[in-house]
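Enquirer: I'm passing along upload32.cif; it holds mmCIF, C-alpha atoms.
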```
data_upload
loop_
_atom_site.label_atom_id
_atom_site.label_comp_id
_atom_site.auth_asym_id
_atom_site.auth_seq_id
_atom_site.Cartn_x
_atom_site.Cartn_y
_atom_site.Cartn_z
CA MET A 1 0.00 0.00 0.00
CA LYS A 2 3.03 2.26 0.35
CA SER A 3 3.25 2.40 -3.41
CA VAL A 4 -0.46 3.24 -3.73
CA LYS A 5 -0.14 5.99 -1.12
CA GLU A 6 2.85 7.51 -2.92
CA ASP A 7 1.13 7.35 -6.31
CA VAL A 8 -2.10 8.93 -5.12
CA LEU A 9 -0.33 11.66 -3.09
CA ASN A 10 1.80 12.42 -6.11
CA VAL A 11 -1.31 12.88 -8.24
CA ILE A 12 -3.16 15.01 -5.67
CA ARG A 13 -0.20 17.33 -5.14
CA ASN A 14 0.58 17.74 -8.83
CA VAL A 15 -2.96 18.14 -10.11
CA ARG A 16 -3.62 21.15 -7.91
CA PRO A 17 -1.99 23.71 -10.27
CA ALA A 18 -3.83 22.15 -13.22
CA ILE A 19 -7.17 22.60 -11.45
CA LYS A 20 -6.30 26.22 -10.56
CA LYS A 21 -5.45 26.91 -14.21
CA GLU A 22 -8.51 24.89 -15.40
CA ASP A 23 -6.18 22.91 -17.65
CA SER A 24 -8.44 20.01 -18.56
CA LYS A 25 -5.78 18.28 -20.66
CA LEU A 26 -3.35 18.15 -17.75
CA ILE A 27 -6.05 17.08 -15.31
CA ARG A 28 -6.98 14.26 -17.66
CA GLU A 29 -3.31 13.19 -17.89
CA TRP A 30 -3.03 13.09 -14.12
CA SER A 31 -6.18 10.98 -13.97
CA ASN A 32 -4.27 8.28 -15.89
CA HIS A 33 -1.37 8.20 -13.46
CA THR A 34 -2.97 5.67 -11.14
CA LEU A 35 -3.99 3.19 -13.86
CA HIS A 36 -1.03 0.94 -13.06
CA SER A 37 -1.88 0.96 -9.36
CA ILE A 38 -5.51 0.22 -10.15
CA SER A 39 -4.49 -2.81 -12.21
CA VAL A 40 -2.14 -4.22 -9.55
CA PHE A 41 -3.61 -3.12 -6.24
CA GLN A 42 -7.23 -2.59 -7.33
CA ASP A 43 -7.70 -0.19 -4.42
CA GLU A 44 -10.34 2.47 -3.84
CA PHE A 45 -7.78 5.27 -3.47
CA SER A 46 -6.37 4.86 -6.97
CA ILE A 47 -9.79 4.25 -8.50
CA GLY A 48 -11.46 7.18 -6.74
CA ILE A 49 -8.93 9.82 -7.80
CA ALA A 50 -8.78 8.52 -11.38
CA ILE A 51 -12.56 8.67 -11.90
CA THR A 52 -12.98 12.02 -10.14
CA LEU A 53 -10.20 13.79 -12.03
CA TYR A 54 -11.29 12.36 -15.38
CA SER A 55 -14.86 13.53 -14.74
CA LEU A 56 -13.60 16.95 -13.70
CA ALA A 57 -11.59 17.26 -16.90
CA LYS A 58 -14.64 16.32 -19.00
CA LEU A 59 -16.82 18.89 -17.25
CA ILE A 60 -14.30 21.67 -17.70
CA GLU A 61 -13.94 20.78 -21.41
CA LYS A 62 -17.68 20.83 -21.98
CA TYR A 63 -18.56 23.96 -20.12
CA TYR A 64 -15.40 26.04 -20.29
CA LEU A 65 -16.77 28.52 -22.81
CA ASP A 66 -20.18 28.71 -21.18
CA PRO A 67 -20.32 32.06 -19.34
CA LYS A 68 -22.97 30.66 -16.99
CA PHE A 69 -20.53 27.93 -15.94
CA LYS A 70 -17.53 30.21 -15.53
CA SER A 71 -19.03 32.33 -12.81
CA LYS A 72 -20.30 29.34 -10.80
CA TRP A 73 -17.14 27.37 -11.42
CA LYS A 74 -14.96 29.87 -9.50
CA LYS A 75 -16.79 29.07 -6.25
CA ALA A 76 -16.79 25.36 -6.98
CA LYS A 77 -13.07 25.39 -7.75
CA LYS A 78 -12.26 26.86 -4.36
CA LYS A 79 -14.27 24.15 -2.62
CA ILE A 80 -12.69 21.39 -4.74
CA LEU A 81 -9.20 22.58 -3.85
CA GLU A 82 -10.18 22.46 -0.17
CA GLU A 83 -11.42 18.93 -0.63
CA LEU A 84 -8.08 18.04 -2.23
CA ASP A 85 -6.53 18.88 1.16
CA CYS A 86 -8.95 16.45 2.73
CA LEU A 87 -8.08 13.81 0.11
CA GLU A 88 -4.40 14.31 0.79
CA GLU A 89 -4.88 13.88 4.52
CA ALA A 90 -7.07 10.78 4.09
CA THR A 91 -4.47 9.26 1.78
CA GLU A 92 -1.66 9.96 4.25
CA GLU A 93 -3.68 8.14 6.91
CA LEU A 94 -4.87 5.49 4.41
CA ASP A 95 -8.34 6.24 5.77
CA ALA A 96 -10.57 4.72 3.08
CA LYS A 97 -13.80 5.89 4.70
CA GLU A 98 -12.78 9.53 4.89
CA TYR A 99 -11.31 9.31 1.39
CA SER A 100 -14.62 8.08 0.05
CA GLU A 101 -16.45 10.93 1.84
CA CYS A 102 -14.11 13.49 0.24
CA ILE A 103 -14.77 12.01 -3.20
CA LYS A 104 -18.52 12.15 -2.58
CA ARG A 105 -18.27 15.79 -1.53
CA ILE A 106 -16.36 16.68 -4.70
CA THR A 107 -19.05 14.95 -6.77
CA ASN A 108 -21.73 16.92 -4.91
CA ILE A 109 -19.85 20.19 -5.44
CA LEU A 110 -19.83 19.50 -9.18
CA SER A 111 -23.51 18.52 -9.19
CA ASP A 112 -24.47 21.63 -7.23
CA ILE A 113 -22.89 24.01 -9.73
CA ASP A 114 -26.15 24.05 -11.56
CA GLU A 115 -29.32 21.99 -11.59
CA ASP A 116 -28.81 21.33 -15.31
CA TYR A 117 -25.33 20.06 -14.69
CA SER A 118 -26.46 17.65 -12.02
CA LYS A 119 -27.75 15.01 -14.46
CA TYR A 120 -24.79 15.55 -16.75
CA VAL A 121 -22.37 15.11 -13.83
CA ARG A 122 -23.93 11.74 -13.02
CA HIS A 123 -23.65 10.72 -16.66
CA VAL A 124 -20.02 11.88 -16.82
CA MET A 125 -19.10 9.99 -13.63
CA GLU A 126 -20.65 6.80 -14.99
CA SER A 127 -19.03 7.08 -18.38
CA SER A 128 -15.71 7.91 -16.70
CA ARG A 129 -15.90 4.56 -14.93
CA VAL A 130 -16.51 2.77 -18.22
CA LYS A 131 -13.66 4.59 -19.97
CA LYS A 132 -11.20 3.92 -17.16
CA GLY A 133 -12.47 0.35 -17.19
CA SER A 134 -11.49 -0.05 -20.81
CA LYS A 135 -7.97 1.11 -19.96
CA ILE A 136 -7.70 -1.38 -17.12
CA TYR A 137 -9.00 -4.16 -19.39
CA GLU A 138 -6.26 -3.19 -21.87
CA HIS A 139 -3.76 -3.74 -19.05
CA GLY A 140 -4.80 -7.41 -18.93
CA ILE A 141 -7.34 -7.52 -16.11
CA SER A 142 -10.45 -9.49 -17.02
CA LEU A 143 -13.74 -7.88 -17.95
CA GLY A 144 -15.53 -9.24 -14.88
CA ARG A 145 -12.80 -8.16 -12.49
CA THR A 146 -12.64 -4.69 -14.05
CA ALA A 147 -16.41 -4.25 -13.97
CA ALA A 148 -16.56 -5.32 -10.31
CA MET A 149 -13.70 -2.99 -9.34
CA LEU A 150 -15.26 0.07 -10.91
CA GLY A 151 -18.89 -0.69 -10.13
CA VAL A 152 -20.02 -0.82 -13.75
CA SER A 153 -21.98 -3.51 -15.54
CA LYS A 154 -20.21 -5.89 -17.90
CA TRP A 155 -22.76 -5.01 -20.57
CA GLU A 156 -21.78 -1.32 -20.43
CA LEU A 157 -18.12 -2.16 -20.51
CA MET A 158 -18.42 -4.60 -23.43
CA ASP A 159 -20.51 -2.10 -25.34
CA TYR A 160 -17.77 0.50 -24.97
CA LEU A 161 -14.93 -1.97 -25.66
CA GLY A 162 -16.59 -2.93 -28.91
CA VAL A 163 -15.84 0.45 -30.41
CA THR A 164 -12.21 0.52 -29.30
CA LYS A 165 -9.25 -1.12 -30.99
CA ASN A 166 -8.54 -3.22 -27.93
CA ALA A 167 -9.09 -6.49 -29.80
CA ASP A 168 -6.61 -5.59 -32.55
CA THR A 169 -3.40 -6.15 -30.60
CA ASP A 170 -1.19 -8.96 -31.92
CA LEU A 171 -0.98 -10.52 -28.47
CA ASN A 172 -4.74 -11.05 -28.58
CA ILE A 173 -4.25 -13.69 -31.28
CA THR A 174 -3.15 -16.97 -29.74
CA GLU A 175 -3.29 -19.28 -32.73
CA SER A 176 -3.98 -19.21 -36.46
CA LEU A 177 -7.58 -19.17 -37.51
CA LYS A 178 -7.17 -22.42 -39.45
CA LYS A 179 -6.03 -24.20 -36.29
CA ARG A 180 -8.81 -22.60 -34.25
CA TRP A 181 -11.37 -23.63 -36.86
CA SER A 182 -10.14 -27.22 -36.89
CA HIS A 183 -10.72 -27.39 -33.12
CA VAL A 184 -14.16 -25.84 -33.51
CA LYS A 185 -15.10 -28.53 -36.05
CA THR A 186 -14.22 -31.25 -33.55
CA VAL A 187 -16.63 -29.68 -31.05
CA PHE A 188 -19.50 -29.12 -33.47
CA LYS A 189 -19.73 -32.34 -35.41
CA LYS A 190 -22.84 -34.09 -36.54
CA GLU A 191 -22.96 -37.70 -35.44
CA GLY A 192 -21.80 -39.97 -38.25
CA LYS A 193 -20.82 -37.02 -40.46
CA LYS A 194 -17.78 -34.77 -40.90
CA GLY A 195 -18.37 -31.43 -39.24
CA GLY A 196 -19.15 -28.35 -41.32
CA LYS A 197 -18.48 -27.34 -44.88
CA LYS A 198 -14.72 -26.88 -44.42
CA MET B 1 -24.88 -12.29 -29.10
CA SER B 2 -27.84 -10.81 -27.27
CA THR B 3 -27.08 -7.19 -28.20
CA SER B 4 -26.32 -8.25 -31.79
CA CYS B 5 -29.69 -10.01 -32.11
CA LEU B 6 -27.98 -13.32 -32.90
CA LEU B 7 -29.17 -15.47 -30.01
CA TRP B 8 -31.65 -17.26 -32.27
CA ILE B 9 -28.72 -19.14 -33.76
CA LEU B 10 -28.13 -21.06 -30.54
CA ARG B 11 -31.43 -22.89 -30.95
CA LYS B 12 -30.48 -23.94 -34.49
CA ILE B 13 -26.98 -25.03 -33.48
CA LYS B 14 -28.32 -27.04 -30.56
CA LYS B 15 -30.76 -28.85 -32.83
CA GLU B 16 -28.27 -29.42 -35.66
CA PHE B 17 -25.39 -30.71 -33.55
CA ASN B 18 -27.12 -32.04 -30.46
CA VAL B 19 -24.93 -29.95 -28.17
CA ARG B 20 -25.65 -28.43 -24.77
CA PHE B 21 -25.14 -24.80 -23.92
CA VAL B 22 -24.58 -24.62 -20.18
CA ILE B 23 -23.93 -21.65 -17.93
CA PRO B 24 -23.12 -21.43 -14.21
CA PRO B 25 -25.28 -19.44 -11.76
CA ALA B 26 -22.87 -16.46 -11.76
CA VAL B 27 -23.32 -15.97 -15.49
CA ARG B 28 -27.09 -16.21 -15.12
CA ARG B 29 -27.01 -13.57 -12.39
CA GLU B 30 -24.94 -11.21 -14.54
CA CYS B 31 -26.69 -11.80 -17.87
CA VAL B 32 -30.25 -12.10 -16.67
CA ASP B 33 -31.00 -11.25 -13.04
CA ASN B 34 -28.95 -8.04 -12.84
CA ALA B 35 -29.33 -6.88 -16.45
CA ILE B 36 -33.10 -7.35 -16.53
CA LYS B 37 -33.46 -4.37 -14.17
CA SER B 38 -31.70 -2.09 -16.65
CA LYS B 39 -33.75 -0.09 -19.16
CA ARG B 40 -30.91 -0.32 -21.64
CA TRP B 41 -30.02 -3.99 -21.33
CA GLY B 42 -33.30 -5.42 -20.10
CA LEU B 43 -34.50 -6.62 -23.50
CA GLY B 44 -31.27 -8.55 -24.09
CA ALA B 45 -31.62 -10.11 -20.66
CA GLN B 46 -35.20 -11.12 -21.46
CA ARG B 47 -34.01 -12.89 -24.60
CA ILE B 48 -31.48 -14.91 -22.62
CA LYS B 49 -34.08 -15.64 -19.96
CA HIS B 50 -36.33 -17.04 -22.68
CA LEU B 51 -33.55 -19.29 -23.95
CA ILE B 52 -33.09 -20.64 -20.43
CA LYS B 53 -36.82 -21.11 -20.00
CA THR B 54 -37.09 -23.05 -23.26
CA GLY B 55 -34.06 -25.23 -22.48
CA VAL B 56 -31.76 -23.92 -25.22
CA VAL B 57 -29.42 -22.71 -22.49
CA GLU B 58 -29.18 -24.65 -19.23
CA VAL B 59 -28.04 -23.46 -15.82
CA GLU B 60 -26.04 -26.01 -13.84
CA ASN B 61 -24.93 -25.72 -10.23
CA PRO B 62 -23.20 -28.94 -9.15
CA ASP B 63 -22.28 -29.39 -5.48
CA GLU B 64 -18.57 -29.07 -6.01
CA LEU B 65 -18.82 -25.92 -8.13
CA SER B 66 -17.93 -23.53 -5.35
CA GLU B 67 -14.85 -25.51 -4.33
CA VAL B 68 -13.52 -25.89 -7.87
CA THR B 69 -14.27 -22.22 -8.60
CA ASN B 70 -12.17 -21.20 -5.61
CA SER B 71 -9.33 -23.38 -6.92
CA VAL B 72 -9.52 -21.69 -10.29
CA ILE B 73 -9.56 -18.23 -8.69
CA GLU B 74 -6.60 -19.06 -6.45
CA LEU B 75 -4.69 -20.48 -9.38
CA SER B 76 -5.38 -17.62 -11.75
CA ASN B 77 -4.83 -14.82 -9.29
CA ASP B 78 -1.52 -16.19 -8.04
CA VAL B 79 0.01 -16.63 -11.49
CA PHE B 80 1.19 -13.06 -11.95
CA GLN B 81 2.76 -10.76 -9.40
CA ALA B 82 3.95 -7.17 -9.53
CA LYS B 83 5.26 -4.78 -6.90
CA GLY B 84 5.34 -7.59 -4.37
CA ARG B 85 1.68 -8.36 -4.77
CA ARG B 86 -0.38 -10.85 -6.68
CA ILE B 87 -2.53 -9.45 -9.47
CA ASP B 88 -6.18 -10.45 -9.28
CA ILE B 89 -6.69 -11.25 -12.93
CA ILE B 90 -10.10 -12.84 -13.16
CA HIS B 91 -13.43 -12.59 -11.41
CA GLU B 92 -15.65 -15.18 -9.78
CA GLY B 93 -17.96 -15.34 -12.81
CA GLU B 94 -15.18 -16.16 -15.21
CA ALA B 95 -13.66 -18.68 -12.81
CA GLU B 96 -17.05 -20.32 -12.38
CA VAL B 97 -17.30 -20.89 -16.14
CA VAL B 98 -13.94 -22.69 -16.18
CA ALA B 99 -14.84 -24.64 -13.03
CA LEU B 100 -18.20 -25.76 -14.39
CA ALA B 101 -16.68 -26.82 -17.70
CA ASN B 102 -14.14 -28.91 -15.86
CA ILE B 103 -16.73 -30.59 -13.61
CA LEU B 104 -19.05 -31.39 -16.51
CA GLY B 105 -16.23 -32.56 -18.77
CA ALA B 106 -17.20 -29.99 -21.39
CA GLU B 107 -15.55 -30.05 -24.80
CA THR B 108 -14.90 -26.33 -24.74
CA ILE B 109 -15.91 -23.08 -23.13
CA CYS B 110 -17.25 -20.02 -24.88
CA VAL B 111 -15.65 -16.80 -23.65
CA ASP B 112 -15.78 -13.50 -25.49
CA GLU B 113 -13.56 -11.58 -23.12
CA LYS B 114 -9.85 -11.65 -23.70
CA THR B 115 -8.16 -12.31 -20.35
CA THR B 116 -9.74 -15.66 -19.50
CA ARG B 117 -9.10 -16.89 -23.03
CA LEU B 118 -5.44 -15.85 -22.89
CA LEU B 119 -5.03 -17.42 -19.47
CA ILE B 120 -6.20 -20.76 -20.87
CA GLU B 121 -4.67 -20.61 -24.34
CA LYS B 122 -1.50 -18.59 -24.02
CA PRO B 123 -0.67 -17.10 -20.60
CA LYS B 124 2.70 -16.04 -22.01
CA ASN B 125 0.86 -13.39 -24.05
CA LEU B 126 -1.01 -12.20 -20.99
CA HIS B 127 2.30 -11.96 -19.15
CA GLN B 128 3.65 -9.79 -21.98
CA ILE B 129 0.59 -7.54 -21.95
CA LEU B 130 0.81 -7.02 -18.20
CA GLY B 131 4.52 -6.31 -18.34
CA SER B 132 4.29 -3.82 -21.18
CA LYS B 133 1.23 -1.99 -19.88
CA LEU B 134 2.24 -1.82 -16.23
CA HIS B 135 5.79 -0.71 -17.05
CA THR B 136 7.05 -2.84 -14.21
CA LYS B 137 8.49 -6.31 -13.75
CA VAL B 138 5.69 -8.86 -13.65
CA SER B 139 6.61 -12.31 -12.43
CA PHE B 140 4.98 -15.38 -13.92
CA ASN B 141 4.54 -18.28 -11.49
CA LYS B 142 4.75 -21.24 -13.87
CA GLY B 143 5.66 -23.65 -11.10
CA LEU B 144 2.46 -22.91 -9.20
CA MET B 145 0.37 -23.43 -12.28
CA VAL B 146 1.96 -26.78 -13.06
CA LYS B 147 1.36 -27.92 -9.48
CA ILE B 148 -2.23 -26.77 -9.17
CA ARG B 149 -3.46 -27.47 -12.70
CA GLU B 150 -3.29 -31.21 -12.02
CA SER B 151 -5.95 -30.77 -9.39
CA LEU B 152 -8.48 -29.48 -11.90
CA PRO B 153 -10.67 -32.23 -13.29
CA GLY B 154 -11.73 -32.34 -16.90
CA LYS B 155 -10.22 -31.13 -20.09
CA ILE B 156 -9.95 -27.40 -19.85
CA ARG B 157 -6.79 -26.55 -18.05
CA LEU B 158 -5.05 -23.30 -17.44
CA ARG B 159 -1.74 -23.83 -19.07
CA THR B 160 1.69 -22.37 -18.80
CA VAL B 161 3.70 -23.70 -21.68
CA GLU B 162 3.54 -23.61 -25.40
CA ARG B 163 1.73 -26.19 -27.46
CA GLY B 164 3.79 -29.29 -27.97
CA ALA B 165 4.58 -29.77 -24.31
CA ASN B 166 3.28 -32.82 -22.55
CA TYR B 167 -0.22 -31.60 -21.78
CA PRO B 168 -2.61 -34.03 -23.39
CA PHE B 169 -5.74 -32.31 -22.16
CA TYR B 170 -5.26 -28.99 -23.84
CA GLN B 171 -8.36 -27.49 -25.36
CA SER B 172 -8.74 -24.01 -26.70
CA VAL B 173 -11.74 -21.87 -25.99
CA ILE B 174 -14.24 -20.59 -28.51
CA ARG B 175 -15.93 -17.24 -28.82
CA SER B 176 -19.40 -16.33 -29.99
CA THR B 177 -17.73 -15.60 -33.34
CA GLU B 178 -16.85 -19.28 -33.70
CA ILE B 179 -20.46 -20.24 -33.01
CA ILE B 180 -21.63 -17.88 -35.75
CA SER B 181 -19.03 -19.29 -38.13
CA VAL B 182 -20.27 -22.82 -37.43
CA ALA B 183 -23.80 -21.65 -38.18
CA TYR B 184 -22.69 -20.05 -41.42
CA ALA B 185 -20.64 -23.08 -42.51
CA ASN B 186 -23.68 -25.28 -42.05
CA GLY B 187 -26.22 -23.04 -43.77
CA LEU B 188 -27.94 -22.08 -40.54
CA MET B 189 -27.67 -18.32 -40.91
CA THR B 190 -30.76 -17.98 -43.05
CA ASP B 191 -33.92 -17.37 -41.13
CA GLY B 192 -35.94 -15.39 -43.63
CA ASN B 193 -34.62 -12.11 -42.27
CA VAL B 194 -31.21 -12.00 -43.92
CA GLU B 195 -29.87 -12.87 -47.33
CA ASP B 196 -27.44 -15.74 -47.53
CA GLY B 197 -23.87 -15.12 -48.64
CA SER B 198 -20.47 -14.34 -47.21
CA MET B 199 -21.56 -10.76 -46.44
CA VAL B 200 -23.82 -12.17 -43.74
CA LEU B 201 -20.91 -13.87 -42.04
CA GLU B 202 -18.69 -10.81 -42.20
CA MET B 203 -21.40 -8.49 -40.92
CA ALA B 204 -22.35 -10.88 -38.13
CA LEU B 205 -18.72 -11.12 -37.01
CA TRP B 206 -18.40 -7.34 -37.01
CA ALA B 207 -21.62 -7.04 -35.06
CA LEU B 208 -20.14 -9.31 -32.40
CA ARG B 209 -16.89 -7.38 -32.46
CA PHE B 210 -18.75 -4.13 -31.91
CA ALA B 211 -20.62 -5.79 -29.07
CA GLY B 212 -17.29 -6.40 -27.31
CA CYS B 213 -16.14 -9.85 -28.48
CA SER B 214 -12.34 -10.00 -28.56
CA ILE B 215 -11.86 -10.90 -32.20
CA SER B 216 -9.41 -8.85 -34.24
CA SER B 217 -10.11 -7.24 -37.62
CA GLN B 218 -7.52 -9.58 -39.11
CA GLU B 219 -9.29 -12.63 -37.74
CA ILE B 220 -12.57 -11.42 -39.24
CA ARG B 221 -10.87 -11.07 -42.62
CA ASP B 222 -9.35 -14.53 -42.20
CA TYR B 223 -12.76 -16.03 -41.46
CA VAL B 224 -14.27 -14.50 -44.58
CA LYS B 225 -11.35 -15.85 -46.63
CA LEU B 226 -11.69 -19.27 -45.06
CA PHE B 227 -15.23 -19.57 -46.39
CA GLU B 228 -14.71 -18.00 -49.79
#
```
Please rewrite the model in this file as structure tokens.
Expert:
Amino acid sequence: MKSVKEDVLNVIRNVRPAIKKEDSKLIREWSNHTLHSISVFQDEFSIGIAITLYSLAKLIEKYYLDPKFKSKWKKAKKKILEELDCLEEATEELDAKEYSECIKRITNILSDIDEDYSKYVRHVMESSRVKKGSKIYEHGISLGRTAAMLGVSKWELMDYLGVTKNADTDLNITESLKKRWSHVKTVFKKEGKKGGKK
Amino acid sequence: MSTSCLLWILRKIKKEFNVRFVIPPAVRRECVDNAIKSKRWGLGAQRIKHLIKTGVVEVENPDELSEVTNSVIELSNDVFQAKGRRIDIIHEGEAEVVALANILGAETICVDEKTTRLLIEKPKNLHQILGSKLHTKVSFNKGLMVKIRESLPGKIRLRTVERGANYPFYQSVIRSTEIISVAYANGLMTDGNVEDGSMVLEMALWALRFAGCSISSQEIRDYVKLFE
């Protein structure tokens, strides 16, 4: 857990300037920094910060040019930075309960920016989980394990994975199709007949 | 297959080849019981529920399932380690599929997701993926696998070495794409709703790919060529 603590503290401390500057690209990059920890340790600290920062980056990207958002965002930003202090402290203590409360408060701050944003924030948080899930699946963790870790359904995750190029890596192919097909024919054979056309 | 509207093929395959499609309780929970509550996935879950109700798909829960599942989980999740810690690779549902197949002496298992398939067919590839993605040394406990794999009954073993080694019970897994290809090869893809022809196969394979099946674009092209 020492490694997890170091990783998460590193992210929290370094993402602060990016949040102050509203640099969504940098925030999004920092949200990826705990992917390795998520894959190995599968802990709530790494998962929580990854999802929250990714969602934050998406919200800033969507609403940055909206004047209505800008004025409300200033107040929200101040509160989020305060909650980052809380996150940092909870991580130092490895206090999972307090950490989870801080994450919840950040989500509420984002939802409270505007009533219209509230539904969008929920949607963004959910889709953030699916997107991070696809990255973890790419790392080699199974679909079921990834879905369970992030609290998403396998159906959602598979639906998203289908439109990625995840399946196109060379390492995904374990044998030639001809060999695979010859095994398949041994499984699906009609009694007394050779299986299939080929 | 549910989201690609291709489940109807299972009934035809079952009839044509006199095979059984069996799932463990964990898969039923995920595919039916949990999904049926969702507005988005509920219809797909209803389709699967109907297949279970009409006996096309059976749910089996033998007494020793829990014990064998735990063995599979322990085996799989101790194979790879990084940063002084084992990496939990697979989930209970996936382990239960392998466990059930072993208990029933199944000829093969059907798994669309990549990790379980790699763990059975070529764990060396999974080791490479983990190492390259995690940017850290990942150890591969081959000795443990050799020791524990002998305790799994049946034909479907998690394996550690390349083909050609002395493992007589090796079987590869299939995906839903293989089931569709079998249907196509045996003229079962026509149901009055689609035209026959190689386009049907290609489009069906892509539909499964877009639904999350881990088949590569190259493999889809190879399948189309195979049947040309």
Enquirer: Going by the chain IDs and residue numbers used in this file, which residues fall under the PyMOL selection byres ((chain B) within 7 of (chain A))? Write them as a ChimeraX atom specification.
Expert: /B:17,82,87,89-91,93-94,107,113,115-116,121-122,125-126,129-130,133-134,182,185-186,209-217,219,222
Enquirer: What does the distance between atom CA of A:Ala18 and atom CA of A:Val4 come to in Å, to one decimal place?
Expert: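 Straight-line distance from atom CA of A:Ala18 to atom CA of A:Val4 works out to 21.4 Å.
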Enquirer: Which residue, A:Leu94, A:Ile103, A:Leu150, A:Ile113, has the smallest gap to A:Glu6 when you use only C-alpha atoms?
Expert: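 Smallest distance to A:Glu6 is found for A:Leu94.
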Enquirer: Between atom CA of B:Ile52 and atom CA of B:Leu119, what distance in Å does the model show, to one decimal?
Expert: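 So the two atoms, atom CA of B:Ile52 and atom CA of B:Leu119, lie 28.3 Å apart.
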Enquirer: Within 6 Å of stretch 66-75 of chain B, counting all atoms listed in the file, which residues show up once you throw out same-chain ones fewer than 5 positions away? Write them as an mmCIF file with C-alpha atoms, in the frame of the given file, please.
Expert:
```cif
data_model
loop_
_atom_site.group_PDB
_atom_site.id
_atom_site.type_symbol
_atom_site.label_atom_id
_atom_site.label_comp_id
_atom_site.auth_asym_id
_atom_site.auth_seq_id
_atom_site.Cartn_x
_atom_site.Cartn_y
_atom_site.Cartn_z
ATOM 1 C CA ALA B 95 -13.660 -18.680 -12.810
ATOM 2 C CA GLU B 96 -17.050 -20.320 -12.380
ATOM 3 C CA ALA B 99 -14.840 -24.640 -13.030
#
```
Enquirer: Within 12 Å of A:Ser118, counting only C-alpha atoms, which residues show up once you throw out same-chain ones fewer than 5 positions away? Write them as a list in words, please.
Expert: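 Once the nearby chain positions are removed, what remains is Leu59, Thr107, Asn108, Ile109, Leu110, Ser111, Asp112, Ile113, His123, Val124 and Met125 of chain A.
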Enquirer: Expand the PyMOL selection byres ((chain A and resi 46) around 10) into the individual residues it matches in the shown file, reporting them as a PyMOL selection string.
Expert: chain A and resi 4-5+7-9+11+31-39+41-45+47-51+91
